[in-house]
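Text of the file run12.csv, holding CSV, C-alpha atoms and all ligand atoms:
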chain,number,residue,atom,x,y,z
A,1,MET,CA,-24.3,33.7,290.2
A,2,ARG,CA,-27.6,35.5,289.4
A,3,LYS,CA,-27.9,36.1,285.7
A,4,LEU,CA,-28.1,39.6,284.3
A,5,ILE,CA,-30.6,40.5,281.5
A,6,ALA,CA,-29.8,43.9,280.0
A,7,GLY,CA,-31.9,45.7,277.4
A,8,ASN,CA,-30.2,47.8,274.7
A,9,TRP,CA,-32.8,50.1,273.3
A,10,LYS,CA,-30.3,51.4,270.7
A,11,MET,CA,-31.6,54.6,269.0
A,12,ASN,CA,-35.3,53.9,269.8
A,13,GLY,CA,-37.8,55.5,272.1
A,14,SER,CA,-39.6,58.7,273.0
A,15,LEU,CA,-40.7,60.2,276.3
A,16,ALA,CA,-44.2,58.8,275.9
A,17,GLY,CA,-43.1,55.4,274.5
A,18,ASN,CA,-40.5,54.8,277.1
A,19,GLU,CA,-42.9,55.6,279.9
A,20,ALA,CA,-45.4,53.1,278.6
A,21,LEU,CA,-42.8,50.4,278.1
A,22,VAL,CA,-41.2,50.8,281.5
A,23,LYS,CA,-44.5,51.0,283.2
A,24,ALA,CA,-45.6,47.8,281.5
A,25,MET,CA,-42.4,46.1,282.6
A,26,LEU,CA,-42.8,47.2,286.2
A,27,ALA,CA,-46.5,46.2,286.2
A,28,GLY,CA,-45.5,42.8,284.8
A,29,LEU,CA,-43.0,42.3,287.5
A,30,GLY,CA,-45.4,43.3,290.3
A,31,ASN,CA,-43.8,42.8,293.7
A,32,ALA,CA,-42.1,39.5,292.7
A,33,VAL,CA,-38.3,39.3,292.8
A,34,PRO,CA,-37.3,38.9,289.2
A,35,ALA,CA,-35.5,35.7,288.2
A,36,ALA,CA,-32.5,37.6,287.1
A,37,ASP,CA,-30.9,41.0,287.7
A,38,MET,CA,-32.3,43.5,285.1
A,39,ALA,CA,-31.1,46.6,283.4
A,40,LEU,CA,-32.2,48.9,280.6
A,41,CYS,CA,-29.7,50.9,278.6
A,42,ALA,CA,-31.3,54.0,277.0
A,43,PRO,CA,-30.2,56.8,274.8
A,44,ALA,CA,-28.5,59.5,276.9
A,45,PRO,CA,-31.4,62.1,276.7
A,46,TYR,CA,-33.7,59.6,278.5
A,47,LEU,CA,-31.5,58.7,281.4
A,48,ALA,CA,-33.2,61.2,283.7
A,49,GLN,CA,-36.5,59.7,282.7
A,50,LEU,CA,-35.3,56.2,283.5
A,51,GLN,CA,-33.9,57.4,286.8
A,52,ALA,CA,-37.3,58.9,287.7
A,53,LEU,CA,-39.3,55.8,286.6
A,54,LEU,CA,-36.9,53.1,287.9
A,55,GLN,CA,-35.5,54.5,291.1
A,56,GLY,CA,-36.3,52.0,293.9
A,57,SER,CA,-37.4,49.3,291.5
A,58,ALA,CA,-35.7,46.0,290.7
A,59,ILE,CA,-34.5,47.4,287.3
A,60,ALA,CA,-31.2,49.2,287.0
A,61,TRP,CA,-30.4,51.5,284.1
A,62,GLY,CA,-27.5,52.6,282.1
A,63,ALA,CA,-26.2,54.2,278.9
A,64,GLN,CA,-25.1,52.9,275.5
A,65,ASP,CA,-21.8,54.7,275.3
A,66,VAL,CA,-19.4,56.9,277.2
A,67,SER,CA,-16.5,59.2,276.4
A,68,GLY,CA,-13.0,57.9,276.8
A,69,HIS,CA,-12.1,61.4,278.1
A,70,GLU,CA,-12.8,62.7,281.5
A,71,GLN,CA,-14.2,66.2,280.5
A,72,GLY,CA,-13.6,69.2,278.4
A,73,ALA,CA,-13.6,70.2,274.7
A,74,TYR,CA,-15.2,67.0,273.2
A,75,THR,CA,-18.3,68.2,271.5
A,76,GLY,CA,-21.1,65.7,271.5
A,77,GLU,CA,-19.5,63.4,274.0
A,78,VAL,CA,-21.0,62.3,277.3
A,79,SER,CA,-18.7,61.8,280.3
A,80,VAL,CA,-18.9,59.1,283.0
A,81,ALA,CA,-19.5,61.7,285.6
A,82,MET,CA,-22.6,62.8,283.7
A,83,LEU,CA,-23.8,59.2,283.7
A,84,LYS,CA,-23.2,59.0,287.4
A,85,ASP,CA,-25.3,62.2,287.9
A,86,PHE,CA,-28.2,60.1,286.6
A,87,ALA,CA,-27.3,57.1,288.8
A,88,CYS,CA,-26.4,54.9,285.9
A,89,ARG,CA,-25.2,51.5,287.0
A,90,TYR,CA,-24.0,50.3,283.6
A,91,VAL,CA,-22.7,51.6,280.3
A,92,ILE,CA,-22.4,49.6,277.1
A,93,VAL,CA,-19.0,50.1,275.5
A,94,GLY,CA,-17.7,48.8,272.2
A,95,HIS,CA,-21.0,47.7,270.8
A,96,SER,CA,-20.4,46.4,267.2
A,97,GLU,CA,-22.5,49.2,265.8
A,98,ARG,CA,-20.1,51.7,267.4
A,99,ARG,CA,-17.1,49.8,266.1
A,100,GLN,CA,-18.6,49.4,262.6
A,101,TYR,CA,-20.3,52.8,262.0
A,102,HIS,CA,-18.2,55.1,264.3
A,103,GLY,CA,-14.8,53.6,263.8
A,104,GLU,CA,-14.2,52.6,267.4
A,105,THR,CA,-11.0,50.7,267.8
A,106,ASP,CA,-10.0,48.2,270.5
A,107,VAL,CA,-7.9,50.9,272.1
A,108,LEU,CA,-10.7,53.4,272.3
A,109,VAL,CA,-13.1,50.8,273.6
A,110,ALA,CA,-10.6,49.9,276.3
A,111,ALA,CA,-10.2,53.6,277.2
A,112,LYS,CA,-13.9,53.9,277.6
A,113,ALA,CA,-14.1,50.8,279.7
A,114,GLN,CA,-11.3,52.1,281.9
A,115,ARG,CA,-13.0,55.5,282.2
A,116,ALA,CA,-16.3,53.9,283.1
A,117,LEU,CA,-14.8,51.8,285.9
A,118,ALA,CA,-12.8,54.7,287.2
A,119,GLY,CA,-16.1,56.7,287.4
A,120,GLY,CA,-18.0,54.0,289.2
A,121,VAL,CA,-20.1,52.8,286.3
A,122,THR,CA,-19.9,49.1,285.2
A,123,PRO,CA,-18.9,48.8,281.6
A,124,ILE,CA,-20.7,46.1,279.5
A,125,VAL,CA,-17.8,45.4,277.1
A,126,CYS,CA,-19.1,44.0,273.8
A,127,VAL,CA,-16.9,41.7,271.7
A,128,GLY,CA,-17.9,39.6,268.6
A,129,GLU,CA,-16.8,38.5,265.2
A,130,THR,CA,-18.3,39.3,261.8
A,131,LEU,CA,-19.6,36.6,259.5
A,132,ALA,CA,-16.5,36.9,257.3
A,133,GLU,CA,-14.3,36.5,260.4
A,134,ARG,CA,-16.3,33.4,261.5
A,135,GLU,CA,-16.1,31.9,258.1
A,136,ALA,CA,-12.4,32.5,258.0
A,137,GLY,CA,-12.0,30.6,261.3
A,138,GLN,CA,-11.0,33.8,263.2
A,139,THR,CA,-13.7,33.9,265.8
A,140,GLU,CA,-11.6,33.1,268.8
A,141,ALA,CA,-8.7,35.3,267.7
A,142,VAL,CA,-11.0,38.3,267.2
A,143,VAL,CA,-12.9,38.1,270.5
A,144,LYS,CA,-9.7,37.4,272.4
A,145,ARG,CA,-8.0,40.4,270.8
A,146,GLN,CA,-11.0,42.7,271.6
A,147,LEU,CA,-11.1,41.5,275.3
A,148,ALA,CA,-7.3,41.6,275.7
A,149,ALA,CA,-7.3,45.3,275.0
A,150,VAL,CA,-9.8,45.9,277.7
A,151,ILE,CA,-8.1,43.6,280.2
A,152,HIS,CA,-4.8,45.4,279.5
A,153,ALA,CA,-6.4,48.8,280.3
A,154,VAL,CA,-8.4,47.9,283.4
A,155,ALA,CA,-5.8,45.5,284.8
A,156,HIS,CA,-6.6,44.6,288.4
A,157,CYS,CA,-10.2,45.7,288.0
A,158,THR,CA,-11.0,43.0,285.4
A,159,SER,CA,-13.3,41.1,287.7
A,160,GLU,CA,-15.6,44.3,287.8
A,161,ILE,CA,-16.4,44.4,284.1
A,162,VAL,CA,-19.3,42.7,282.3
A,163,VAL,CA,-18.5,41.1,279.0
A,164,ALA,CA,-21.1,40.6,276.2
A,165,TYR,CA,-20.4,38.2,273.4
A,166,GLU,CA,-22.3,39.5,270.4
A,167,PRO,CA,-21.6,37.8,267.1
A,168,VAL,CA,-22.1,40.6,264.6
A,169,TRP,CA,-23.9,38.3,262.2
A,170,ALA,CA,-26.5,37.6,264.8
A,171,ILE,CA,-27.4,41.1,265.8
A,172,GLY,CA,-30.8,42.2,264.6
A,173,THR,CA,-30.8,39.5,261.9
A,174,GLY,CA,-33.0,36.9,263.6
A,175,LYS,CA,-30.0,34.5,263.3
A,176,THR,CA,-29.0,33.4,266.8
A,177,ALA,CA,-25.8,31.6,267.6
A,178,SER,CA,-26.8,28.1,268.6
A,179,PRO,CA,-26.4,27.5,272.4
A,180,GLU,CA,-23.4,25.3,271.6
A,181,GLN,CA,-21.8,27.9,269.3
A,182,ALA,CA,-22.3,30.6,272.0
A,183,GLN,CA,-21.1,28.4,274.9
A,184,GLN,CA,-17.9,27.6,272.9
A,185,VAL,CA,-17.0,31.3,272.7
A,186,HIS,CA,-18.1,32.0,276.2
A,187,ALA,CA,-15.7,29.3,277.5
A,188,VAL,CA,-12.9,30.9,275.6
A,189,LEU,CA,-13.7,34.2,277.1
A,190,ARG,CA,-13.9,32.7,280.6
A,191,ALA,CA,-10.5,31.1,280.2
A,192,GLN,CA,-9.1,34.4,279.1
A,193,LEU,CA,-10.6,36.1,282.2
A,194,SER,CA,-9.2,33.3,284.4
A,195,ALA,CA,-5.7,34.2,283.3
A,196,ALA,CA,-6.3,37.9,284.1
A,197,THR,CA,-8.2,37.9,287.4
A,198,GLN,CA,-8.4,35.7,290.5
A,199,HIS,CA,-12.2,36.0,290.3
A,200,PRO,CA,-13.3,35.1,286.8
A,201,GLU,CA,-16.5,33.6,288.2
A,202,ARG,CA,-17.6,37.1,289.2
A,203,VAL,CA,-17.6,38.3,285.6
A,204,HIS,CA,-21.0,38.1,283.9
A,205,ILE,CA,-20.5,37.0,280.3
A,206,LEU,CA,-23.7,37.9,278.5
A,207,TYR,CA,-24.8,36.6,275.1
A,208,GLY,CA,-26.4,39.0,272.7
A,209,GLY,CA,-27.7,38.7,269.1
A,210,SER,CA,-31.3,38.0,268.4
A,211,MET,CA,-32.0,36.6,271.9
A,212,ASN,CA,-35.7,36.4,272.3
A,213,ALA,CA,-38.5,34.9,274.4
A,214,ALA,CA,-38.4,31.7,272.4
A,215,ASN,CA,-34.6,31.0,272.4
A,216,ALA,CA,-33.5,32.5,275.7
A,217,ALA,CA,-34.0,29.5,277.9
A,218,SER,CA,-31.7,27.2,275.9
A,219,LEU,CA,-29.0,29.9,275.7
A,220,LEU,CA,-29.2,30.8,279.3
A,221,ALA,CA,-28.9,27.1,280.3
A,222,GLN,CA,-25.3,27.0,279.1
A,223,PRO,CA,-22.7,26.9,281.8
A,224,ASP,CA,-20.8,30.0,280.8
A,225,ILE,CA,-23.8,32.1,279.6
A,226,ASP,CA,-24.5,34.4,282.5
A,227,GLY,CA,-27.2,36.5,281.0
A,228,GLY,CA,-28.2,38.4,277.9
A,229,LEU,CA,-27.9,41.7,276.1
A,230,ILE,CA,-31.2,42.2,274.4
A,231,GLY,CA,-31.8,44.6,271.5
A,232,GLY,CA,-35.1,44.2,269.6
A,233,ALA,CA,-36.9,42.1,272.3
A,234,SER,CA,-36.1,44.7,275.0
A,235,LEU,CA,-38.6,47.0,273.2
A,236,LYS,CA,-41.5,44.8,274.1
A,237,ALA,CA,-42.3,44.4,277.8
A,238,ALA,CA,-43.8,40.9,277.6
A,239,ASP,CA,-40.9,39.6,275.6
A,240,PHE,CA,-38.3,41.1,277.8
A,241,LEU,CA,-40.0,39.8,281.0
A,242,GLN,CA,-40.3,36.4,279.4
A,243,ILE,CA,-36.5,36.4,278.8
A,244,VAL,CA,-35.9,37.4,282.4
A,245,ALA,CA,-38.2,34.6,283.6
A,246,SER,CA,-36.2,32.1,281.4
A,247,ALA,CA,-33.2,32.8,283.5
A,248,SER,CA,-34.5,30.8,286.5
B,1,LIG,P1,-30.7,42.2,269.0
B,1,LIG,O1,-29.5,43.2,269.4
B,1,LIG,O2,-31.1,41.5,270.2
B,1,LIG,O3,-31.7,43.1,268.3
B,1,LIG,O4,-30.1,41.2,268.0
B,1,LIG,C1,-28.6,42.9,270.4
B,1,LIG,C2,-27.6,44.0,270.6
B,1,LIG,O5,-27.2,44.5,269.6
B,1,LIG,O6,-27.2,44.3,271.7

Written as structure tokens, that's how I'd like the structure from this file.
Ligand code: PGA
Amino acid sequence: MRKLIAGNWKMNGSLAGNEALVKAMLAGLGNAVPAADMALCAPAPYLAQLQALLQGSAIAWGAQDVSGHEQGAYTGEVSVAMLKDFACRYVIVGHSERRQYHGETDVLVAAKAQRALAGGVTPIVCVGETLAEREAGQTEAVVKRQLAAVIHAVAHCTSEIVVAYEPVWAIGTGKTASPEQAQQVHAVLRAQLSAATQHPERVHILYGGSMNAANAASLLAQPDIDGGLIGGASLKAADFLQIVASAS
């Protein structure tokens, strides 16, 4: 399967800054076919800008969150239909920063994933353990519990999701999981997907957490690492393109 390299800009950017960043990425790609599928997940106010800049290019775009509700009196929420209006291909759901700082539960994350799929947008479902959970030997149990909630909600559509394994202790810390540590968890997730869908091989399982231009190749060489979800390094065109090139 072709790997998928997705950028997560988090709460960064500006109209002028985004334009410069995206134009630098497009210029860096030139007319070449990128070594991996690419996507950029931006804050909601910039989706129209990404659509205008990326339409017709090799880079897809998406959002960083979506409401679990279809529409109505949910002040501040953004629906999947709205994401669809701006031709989003992807939406991140259940990022650890949403789980940690916004109290998102497994059940809510599952509802968001289900809502995204129903609306025709591919959810990038994030799972991952904290440092305390890893040290307590709970890594497998935690990621399996988080993924199980989503599988339960999306049922026969499980093969259409993207999963991102993001150990919380590796996000934005400069501490990456070793390729072996990451592969071990990815294999657990693949086995769990195999029990839930006839096509587990169709599901991209991305690694995220301080993936950068220097460590991407060794992570992406692992058999069950199908791409990356890139935070900090997606804010620099050269670094992001280098990670994409590492996928070949
Ligand atoms: P990072 O973030 O690459 O900056 O560690 C990854 C993420 O949170 O998706």

Protein and nucleic residues near ligand LIG 1 (chain B), 7 Å, all atoms listed in the file, as a VMD selection string: chain A and resid 8 166 170 to 174 208 to 211 229 to 233

statement: For Gly120 in chain A, the closest of A:Asn212, A:Asn12, A:Ser79, A:Gln138 counting all atoms listed in the file is A:Ser79

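The two atoms in question, CA of Gly28 in chain A and CA of Trp61 in chain A, are spaced 17.4 Å apart.
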
task: Give me, please, the distance in Å between CA of Ala24 in chain A and CA of Gly56 in chain A, quoted to one decimal.
output: 16.1 Å

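CA of Ala118 in chain A sits 15.7 Å away from CA of Gly62 in chain A.
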
Could you give me the axis-aligned bounding box of range 227-242 of chain A, with 3 Å of padding per side, as centre plus edge lengths in Å to one decimal, as JSON?
{"center_x": -35.5, "center_y": 41.7, "center_z": 275.3, "size_x": 22.6, "size_y": 16.6, "size_z": 17.4}

statement: Between A:Ile205, A:Val121, A:Val107, A:Ala63, smallest distance to Gln146 in chain A by all atoms listed in the file belongs to A:Val107

query: Excluding same-chain residues fewer than 4 positions from Asp37 in chain A, what lies within 10 Å of it counting only C-alpha atoms, as number ranges by chain?
result: A: 2-6, 33, 58-60, 227, 244, 247

Find the spatial neighbours of Gly94 in chain A, counting all atoms listed in the file, within a cut-off of 6 Å - ignore same-chain residues fewer than 2 positions away - and output them as an mmCIF file with C-alpha atoms, in the frame of the given file.
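Printed below is around20.cif as written:
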data_model
loop_
_atom_site.group_PDB
_atom_site.id
_atom_site.type_symbol
_atom_site.label_atom_id
_atom_site.label_comp_id
_atom_site.auth_asym_id
_atom_site.auth_seq_id
_atom_site.Cartn_x
_atom_site.Cartn_y
_atom_site.Cartn_z
ATOM 1 C CA VAL A 109 -13.100 50.800 273.600
ATOM 2 C CA VAL A 125 -17.800 45.400 277.100
ATOM 3 C CA CYS A 126 -19.100 44.000 273.800
#
